[in-house]
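Enquirer: What follows is final18.cif; its format and atoms are mmCIF, C-alpha atoms and all ligand atoms.
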```
data_structure
#
loop_
_atom_site.label_atom_id
_atom_site.label_comp_id
_atom_site.auth_asym_id
_atom_site.auth_seq_id
_atom_site.Cartn_x
_atom_site.Cartn_y
_atom_site.Cartn_z
CA MET A 1 6.65 -2.43 -9.70
CA SER A 2 7.78 -6.02 -10.07
CA ALA A 3 11.43 -6.93 -10.63
CA VAL A 4 12.47 -7.70 -14.20
CA PRO A 5 15.85 -9.30 -14.90
CA VAL A 6 17.39 -6.89 -17.37
CA PRO A 7 21.17 -6.95 -17.84
CA CYS A 8 22.52 -3.42 -17.55
CA VAL A 9 25.62 -1.85 -18.99
CA ALA A 10 29.07 -2.99 -17.99
CA GLY A 11 32.20 -0.96 -18.39
CA GLY A 12 35.50 0.01 -16.85
CA ASP A 13 35.69 0.99 -13.21
CA ASP A 14 38.96 1.82 -11.56
CA ARG A 15 37.50 1.98 -8.05
CA ASP A 16 37.90 -0.85 -5.60
CA PRO A 17 35.56 -3.39 -7.22
CA ALA A 18 34.32 -4.63 -3.85
CA VAL A 19 33.27 -1.12 -2.82
CA ALA A 20 31.71 -0.46 -6.25
CA THR A 21 29.78 -3.72 -5.83
CA THR A 22 28.36 -2.61 -2.50
CA SER A 23 27.21 0.63 -4.20
CA THR A 24 25.30 -1.55 -6.65
CA TYR A 25 23.71 -3.29 -3.66
CA ASP A 26 22.62 0.11 -2.36
CA ARG A 27 20.55 0.49 -5.51
CA LEU A 28 19.37 -3.11 -5.59
CA ALA A 29 18.65 -3.55 -1.89
CA ARG A 30 14.85 -3.72 -2.00
CA ASP A 31 14.78 -5.82 -5.12
CA TYR A 32 17.44 -8.15 -3.71
CA ALA A 33 15.55 -8.54 -0.44
CA ALA A 34 12.32 -9.42 -2.25
CA ARG A 35 14.02 -11.93 -4.54
CA ASN A 36 15.91 -13.65 -1.75
CA ALA A 37 13.42 -13.63 1.11
CA GLU A 38 12.87 -17.38 0.82
CA VAL A 39 15.76 -19.79 1.26
CA SER A 40 16.16 -23.18 -0.38
CA ASP A 41 15.53 -26.26 1.76
CA GLY A 42 19.26 -26.96 1.61
CA LEU A 43 20.19 -23.50 2.91
CA ALA A 44 17.56 -23.72 5.66
CA VAL A 45 19.06 -27.02 6.85
CA TRP A 46 22.57 -25.58 6.60
CA ARG A 47 21.52 -22.56 8.69
CA SER A 48 19.80 -24.69 11.37
CA GLY A 49 22.89 -26.90 11.56
CA PHE A 50 25.02 -23.81 12.25
CA LEU A 51 22.62 -22.56 14.92
CA GLY A 52 22.70 -25.96 16.57
CA LEU A 53 26.47 -25.69 17.09
CA LEU A 54 26.31 -22.41 19.00
CA PRO A 55 26.11 -22.08 22.78
CA ALA A 56 22.96 -20.48 24.24
CA ALA A 57 23.21 -16.69 23.77
CA GLY A 58 26.38 -17.21 21.72
CA LEU A 59 27.90 -14.29 19.85
CA VAL A 60 27.67 -14.44 16.05
CA ALA A 61 28.66 -12.15 13.19
CA ASP A 62 26.93 -12.33 9.81
CA LEU A 63 29.58 -11.09 7.36
CA GLY A 64 27.95 -9.48 4.33
CA CYS A 65 24.53 -9.72 5.97
CA GLY A 66 22.66 -7.93 3.17
CA PRO A 67 19.00 -7.30 4.04
CA GLY A 68 19.28 -9.41 7.17
CA ARG A 69 17.27 -12.50 6.32
CA ASP A 70 19.66 -14.81 8.20
CA LEU A 71 20.54 -12.21 10.83
CA ALA A 72 16.86 -12.02 11.80
CA VAL A 73 16.67 -15.81 12.15
CA PHE A 74 19.73 -15.82 14.41
CA THR A 75 18.40 -12.95 16.51
CA HIS A 76 14.99 -14.57 16.92
CA ALA A 77 16.70 -17.81 17.95
CA GLY A 78 18.22 -15.97 20.92
CA VAL A 79 21.73 -15.60 19.52
CA ALA A 80 23.54 -12.26 19.99
CA ALA A 81 24.05 -11.58 16.31
CA VAL A 82 25.58 -8.61 14.53
CA GLY A 83 25.50 -8.06 10.78
CA VAL A 84 28.36 -6.42 8.89
CA ASP A 85 27.92 -4.86 5.47
CA LEU A 86 29.11 -1.83 3.50
CA SER A 87 25.77 -1.17 1.83
CA GLU A 88 23.83 1.33 3.94
CA GLN A 89 20.58 0.45 2.18
CA MET A 90 21.07 -3.23 2.93
CA LEU A 91 21.83 -2.38 6.55
CA ARG A 92 18.65 -0.31 6.80
CA LEU A 93 16.63 -3.33 5.72
CA ALA A 94 18.54 -5.57 8.12
CA GLN A 95 17.77 -3.21 11.00
CA ALA A 96 14.10 -3.08 10.00
CA ALA A 97 14.10 -6.89 10.14
CA GLY A 98 15.25 -6.66 13.76
CA GLY A 99 18.98 -7.12 13.33
CA ARG A 100 21.85 -5.33 15.04
CA THR A 101 24.33 -4.06 12.45
CA VAL A 102 27.72 -2.45 11.96
CA THR A 103 28.85 -0.65 8.83
CA GLY A 104 32.12 -2.20 7.75
CA ASP A 105 34.17 -4.04 5.20
CA ILE A 106 34.12 -7.81 5.51
CA ARG A 107 37.76 -7.88 4.39
CA ARG A 108 38.64 -6.32 7.76
CA PRO A 109 35.49 -6.48 9.90
CA PRO A 110 35.40 -3.74 12.55
CA LEU A 111 34.66 -6.20 15.35
CA ARG A 112 36.40 -7.28 18.54
CA PRO A 113 38.85 -10.13 18.00
CA ALA A 114 38.60 -13.54 19.64
CA VAL A 115 35.11 -13.11 21.10
CA PHE A 116 32.78 -14.71 18.52
CA HIS A 117 31.35 -18.21 18.84
CA GLY A 118 30.28 -18.27 15.21
CA LEU A 119 30.73 -16.53 11.88
CA TRP A 120 28.13 -16.86 9.15
CA SER A 121 28.77 -15.64 5.64
CA SER A 122 26.36 -16.39 2.82
CA ALA A 123 27.05 -15.17 -0.72
CA ALA A 124 29.47 -12.41 0.29
CA LEU A 125 33.01 -13.82 -0.05
CA LEU A 126 32.16 -14.11 -3.72
CA HIS A 127 32.60 -10.34 -3.99
CA VAL A 128 36.10 -10.23 -2.43
CA PRO A 129 38.82 -9.85 -5.11
CA ARG A 130 40.87 -13.04 -5.34
CA PRO A 131 44.19 -11.56 -4.11
CA GLU A 132 42.40 -10.45 -0.91
CA VAL A 133 40.68 -13.73 -0.06
CA ALA A 134 43.51 -15.23 2.02
CA GLY A 135 43.81 -12.05 4.13
CA THR A 136 40.04 -11.89 4.54
CA LEU A 137 39.92 -15.46 5.85
CA ARG A 138 42.74 -14.68 8.30
CA ALA A 139 40.83 -11.61 9.50
CA TRP A 140 37.75 -13.79 10.02
CA ARG A 141 39.77 -16.37 11.96
CA SER A 142 41.01 -13.63 14.29
CA LEU A 143 37.42 -12.80 15.30
CA LEU A 144 36.68 -16.30 16.57
CA ARG A 145 37.39 -17.83 19.93
CA ASP A 146 39.24 -21.13 19.69
CA GLY A 147 36.66 -23.74 18.71
CA GLY A 148 34.38 -21.09 17.17
CA VAL A 149 32.58 -22.08 13.98
CA LEU A 150 32.78 -20.58 10.50
CA SER A 151 29.84 -21.31 8.18
CA LEU A 152 30.54 -20.11 4.68
CA SER A 153 28.56 -20.33 1.43
CA THR A 154 30.16 -19.15 -1.76
CA SER A 155 29.98 -19.94 -5.46
CA LEU A 156 32.08 -22.46 -7.36
CA GLY A 157 33.79 -21.68 -10.66
CA ASP A 158 36.95 -20.13 -12.02
CA ARG A 159 35.93 -16.68 -13.26
CA GLU A 160 36.64 -13.31 -11.69
CA GLY A 161 35.16 -10.11 -13.10
CA TRP A 162 32.15 -7.86 -13.51
CA GLU A 163 28.74 -9.42 -13.99
CA ALA A 164 25.61 -7.47 -14.87
CA ALA A 165 23.22 -7.38 -11.96
CA PRO A 166 19.62 -8.36 -12.42
CA CYS A 167 17.91 -5.00 -12.13
CA ARG A 168 14.62 -3.24 -12.42
CA SER A 169 13.49 -2.11 -15.82
CA ASP A 170 12.85 1.39 -14.47
CA TYR A 171 16.55 2.16 -13.94
CA PRO A 172 17.94 4.37 -16.66
CA PRO A 173 20.18 2.24 -18.90
CA SER A 174 23.09 4.57 -18.15
CA VAL A 175 23.14 3.44 -14.54
CA PRO A 176 25.84 0.77 -14.27
CA LEU A 177 24.48 -2.04 -12.18
CA ARG A 178 27.20 -4.59 -11.98
CA ARG A 179 28.84 -6.68 -9.34
CA TRP A 180 32.38 -8.02 -9.09
CA PHE A 181 32.19 -11.80 -8.76
CA VAL A 182 34.94 -14.16 -7.71
CA HIS A 183 34.02 -17.81 -8.16
CA HIS A 184 36.21 -20.37 -6.42
CA ASP A 185 37.84 -23.67 -7.15
CA ARG A 186 36.82 -26.03 -4.33
CA ASP A 187 40.26 -27.34 -3.39
CA GLU A 188 42.04 -23.99 -3.66
CA LEU A 189 39.49 -22.37 -1.39
CA LEU A 190 39.61 -25.22 1.13
CA ASN A 191 43.41 -24.84 1.25
CA LEU A 192 43.10 -21.12 1.92
CA ILE A 193 40.59 -21.78 4.71
CA ALA A 194 42.92 -24.33 6.31
CA GLN A 195 45.92 -22.01 5.94
CA ALA A 196 43.97 -19.25 7.70
CA GLY A 197 43.80 -21.44 10.82
CA PHE A 198 40.60 -23.44 10.45
CA ALA A 199 40.02 -27.18 10.72
CA LEU A 200 37.53 -28.27 8.05
CA ARG A 201 34.46 -30.09 9.35
CA THR A 202 31.81 -30.23 6.60
CA VAL A 203 32.13 -29.48 2.90
CA GLN A 204 29.16 -29.85 0.57
CA LYS A 205 27.80 -28.54 -2.70
CA GLU A 206 24.34 -27.15 -3.31
CA PRO A 207 23.33 -26.62 -6.94
CA ARG A 208 20.98 -23.65 -7.35
CA ARG A 209 21.20 -21.01 -10.11
CA MET A 210 24.93 -21.21 -9.37
CA THR A 211 26.67 -24.13 -7.68
CA TRP A 212 27.36 -23.24 -4.06
CA LEU A 213 30.11 -24.58 -1.87
CA GLN A 214 29.14 -24.73 1.78
CA VAL A 215 31.98 -25.06 4.24
CA ARG A 216 31.83 -25.49 7.97
CA ALA A 217 35.15 -25.14 9.74
CA VAL A 218 36.33 -24.68 13.30
CA ALA A 219 38.91 -22.18 14.56
CA ALA A 220 41.87 -24.45 15.33
C1 LIG A 301 24.73 -11.42 -2.48
S1 LIG A 301 24.52 -10.35 -1.08
C2 LIG A 301 24.29 -11.58 0.20
C3 LIG A 301 23.45 -11.05 1.34
C4 LIG A 301 23.05 -12.09 2.37
N1 LIG A 301 24.21 -12.61 3.09
C5 LIG A 301 22.29 -13.22 1.71
O1 LIG A 301 22.74 -14.37 1.79
O2 LIG A 301 21.24 -12.95 1.13
C6 LIG A 301 26.18 -9.80 -0.77
C7 LIG A 301 26.25 -8.79 0.36
O3 LIG A 301 27.61 -8.63 0.71
C8 LIG A 301 27.91 -7.25 0.85
N2 LIG A 301 29.33 -7.06 0.57
C9 LIG A 301 30.01 -7.43 -0.53
N3 LIG A 301 31.32 -7.11 -0.41
C10 LIG A 301 31.45 -6.52 0.81
C11 LIG A 301 32.55 -5.98 1.54
N4 LIG A 301 33.81 -5.97 1.04
N5 LIG A 301 32.32 -5.49 2.77
C12 LIG A 301 31.07 -5.48 3.30
N6 LIG A 301 30.00 -5.98 2.67
C13 LIG A 301 30.19 -6.50 1.44
C14 LIG A 301 27.00 -6.58 -0.16
O4 LIG A 301 26.80 -5.21 0.14
C15 LIG A 301 25.74 -7.42 -0.04
O5 LIG A 301 24.87 -6.91 0.93
#
```
Represent the structure contained in this file as structure tokens.
Ligand SMILES: C[S@@+](CC[C@H](N)C(=O)[O-])C[C@H]1O[C@@H](n2cnc3c(N)ncnc32)[C@H](O)[C@@H]1O

Expert:
Amino acid sequence: MSAVPVPCVAGGDDRDPAVATTSTYDRLARDYAARNAEVSDGLAVWRSGFLGLLPAAGLVADLGCGPGRDLAVFTHAGVAAVGVDLSEQMLRLAQAAGGRTVTGDIRRPPLRPAVFHGLWSSAALLHVPRPEVAGTLRAWRSLLRDGGVLSLSTSLGDREGWEAAPCRSDYPPSVPLRRWFVHHDRDELLNLIAQAGFALRTVQKEPRRMTWLQVRAVAA
């Protein structure tokens, strides 16, 4: 059945919103994968640029890898890539696409510190509650070797809260399909990245359905 964008119910949820959001992704995984299989030209160039900065057989983590679209590209390019996500359904799809995965929270990735040449995170930091963003960026910094590269894409804006997920019309309306979104102010986020121990290299915007901030930074 084809995907239909139907806003579903929103309501209170006293669980960790990031964990509740990954439960939504468990339900949406197949739909999400189908909708996002193709990348924009801008994202494709951004991804190739990241790959070009890595040493041969470099070690990369894809934080919030989802169904593994980018993880598969890294793996097929000869990079030793591992995807981290809390959604088991997303991880299943990522494995089926040929990726190596670890179940874990991107706020404290269960990975060895100081061994990675690169960290890629596309559309995942936008689900980390604002008070936890600084700590998350510090945790990411600790994974990188000195000189390792962070490549981050996240959405610009000022809102934080639940947003109805696009969902299939065959879900019962009582099923809450919502995601916690945290949109960022450009300068505030760049400051947090710098404070976490990164030197900024490239900062650019890509307008799509949302406006994306793409940041490339090096572990200083
Ligand atoms: C919008 S999808 C992006 C997937 C993929 N990176 C892409 O660009 O298509 C966000 C992904 O981040 C994961 N995620 C969100 N918060 C997370 C957290 N705290 N720990 C682990 N994974 C998380 C979700 O489960 C989901 O797979």

Enquirer: Report the centre and edge lengths, in Å to one decimal, of an axis-aligned box enclosing every atom of ligand LIG 301 (chain A) listed in the file, padded by 4 Å on each side, as AutoDock Vina command-line options.

Expert:
```
--center_x 27.5 --center_y -9.8 --center_z 0.4 --size_x 20.6 --size_y 17.2 --size_z 13.8
```

Enquirer: Hey, which of A:Gly98, A:Thr154, A:Pro207, A:Leu213 ends up closest to Ser40 (chain A)? Count all atoms listed in the file.

Expert: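 The shortest atom-to-atom distance to Ser40 (chain A) comes from A:Pro207.
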
Enquirer: Let me have all residues with an atom within 8 Å of ligand LIG 301 (chain A), counting only C-alpha atoms and all ligand atoms, laid out as number ranges by chain.

Expert: A: 18-19, 21-26, 29, 32-33, 36-37, 62-70, 84-87, 90-91, 103-107, 109, 121-128

Enquirer: Keeping C-alpha atoms for every residue in the selection just given, could you write it to a file as a CSV table (one decimal), keeping the file's coordinate frame?

Expert:
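Final file, part-v3.csv:
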```csv
chain,number,residue,atom,x,y,z
A,18,ALA,CA,34.3,-4.6,-3.8
A,19,VAL,CA,33.3,-1.1,-2.8
A,21,THR,CA,29.8,-3.7,-5.8
A,22,THR,CA,28.4,-2.6,-2.5
A,23,SER,CA,27.2,0.6,-4.2
A,24,THR,CA,25.3,-1.6,-6.6
A,25,TYR,CA,23.7,-3.3,-3.7
A,26,ASP,CA,22.6,0.1,-2.4
A,29,ALA,CA,18.6,-3.6,-1.9
A,32,TYR,CA,17.4,-8.2,-3.7
A,33,ALA,CA,15.6,-8.5,-0.4
A,36,ASN,CA,15.9,-13.6,-1.8
A,37,ALA,CA,13.4,-13.6,1.1
A,62,ASP,CA,26.9,-12.3,9.8
A,63,LEU,CA,29.6,-11.1,7.4
A,64,GLY,CA,28.0,-9.5,4.3
A,65,CYS,CA,24.5,-9.7,6.0
A,66,GLY,CA,22.7,-7.9,3.2
A,67,PRO,CA,19.0,-7.3,4.0
A,68,GLY,CA,19.3,-9.4,7.2
A,69,ARG,CA,17.3,-12.5,6.3
A,70,ASP,CA,19.7,-14.8,8.2
A,84,VAL,CA,28.4,-6.4,8.9
A,85,ASP,CA,27.9,-4.9,5.5
A,86,LEU,CA,29.1,-1.8,3.5
A,87,SER,CA,25.8,-1.2,1.8
A,90,MET,CA,21.1,-3.2,2.9
A,91,LEU,CA,21.8,-2.4,6.6
A,103,THR,CA,28.8,-0.6,8.8
A,104,GLY,CA,32.1,-2.2,7.8
A,105,ASP,CA,34.2,-4.0,5.2
A,106,ILE,CA,34.1,-7.8,5.5
A,107,ARG,CA,37.8,-7.9,4.4
A,109,PRO,CA,35.5,-6.5,9.9
A,121,SER,CA,28.8,-15.6,5.6
A,122,SER,CA,26.4,-16.4,2.8
A,123,ALA,CA,27.0,-15.2,-0.7
A,124,ALA,CA,29.5,-12.4,0.3
A,125,LEU,CA,33.0,-13.8,0.0
A,126,LEU,CA,32.2,-14.1,-3.7
A,127,HIS,CA,32.6,-10.3,-4.0
A,128,VAL,CA,36.1,-10.2,-2.4
```

Enquirer: Region 181-191 of chain A: which residues within 12 Å, counting only C-alpha atoms, same-chain residues fewer than 2 positions away excluded, as a ChimeraX atom specification?

Expert: /A:17-18,20-22,123-134,137,152-165,178-179,193-205,210-217

Enquirer: Choose the residue, out of A:Leu51, A:Val39, A:Leu192, A:Val73, that has the smallest atom-to-atom separation from Thr136 (chain A); count only C-alpha atoms.

Expert: A:Leu192

Enquirer: For a test of reading the model, state the distance in Å between CA of Arg138 (chain A) and CA of Ala114 (chain A), rounded to one decimal.

Expert: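 According to the coordinates, CA of Arg138 (chain A) and CA of Ala114 (chain A) are separated by 12.1 Å.
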
Enquirer: As an exercise, work out the distance from CA of Ala219 (chain A) to CA of Trp140 (chain A) in Å and give it to one decimal place.

Expert: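 Result for CA of Ala219 (chain A) versus CA of Trp140 (chain A): 9.6 Å, one decimal.
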
Enquirer: Just the residues within 8 Å of Val60 (chain A), please, counting only C-alpha atoms, with nothing from its chain fewer than 5 positions along; format it as a ChimeraX atom specification.

Expert: /A:79-82,116-120

Enquirer: Which residue is closest to Leu71 (chain A)? Choose from A:Gly99, A:Leu111, A:Asp41, A:Asp146 and count only C-alpha atoms.

Expert: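 The closest residue to Leu71 (chain A) is A:Gly99.
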
Enquirer: Just the number, please: distance in Å from CA of Arg209 (chain A) to CA of His76 (chain A), one decimal.

Expert: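 If I compute the distance from CA of Arg209 (chain A) to CA of His76 (chain A), I get 28.5 Å.
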
Enquirer: Looking at only C-alpha atoms, which of A:Ala139, A:Ala77, A:Leu93, A:Ala34 is the one that sits closest to Gly58 (chain A)?

Expert: A:Ala77

Enquirer: Ranking A:Val115, A:Trp180, A:Gly147, A:Thr101 by minimum distance to Gln89 (chain A) and counting all atoms listed in the file, which one comes first?

Expert: A:Thr101
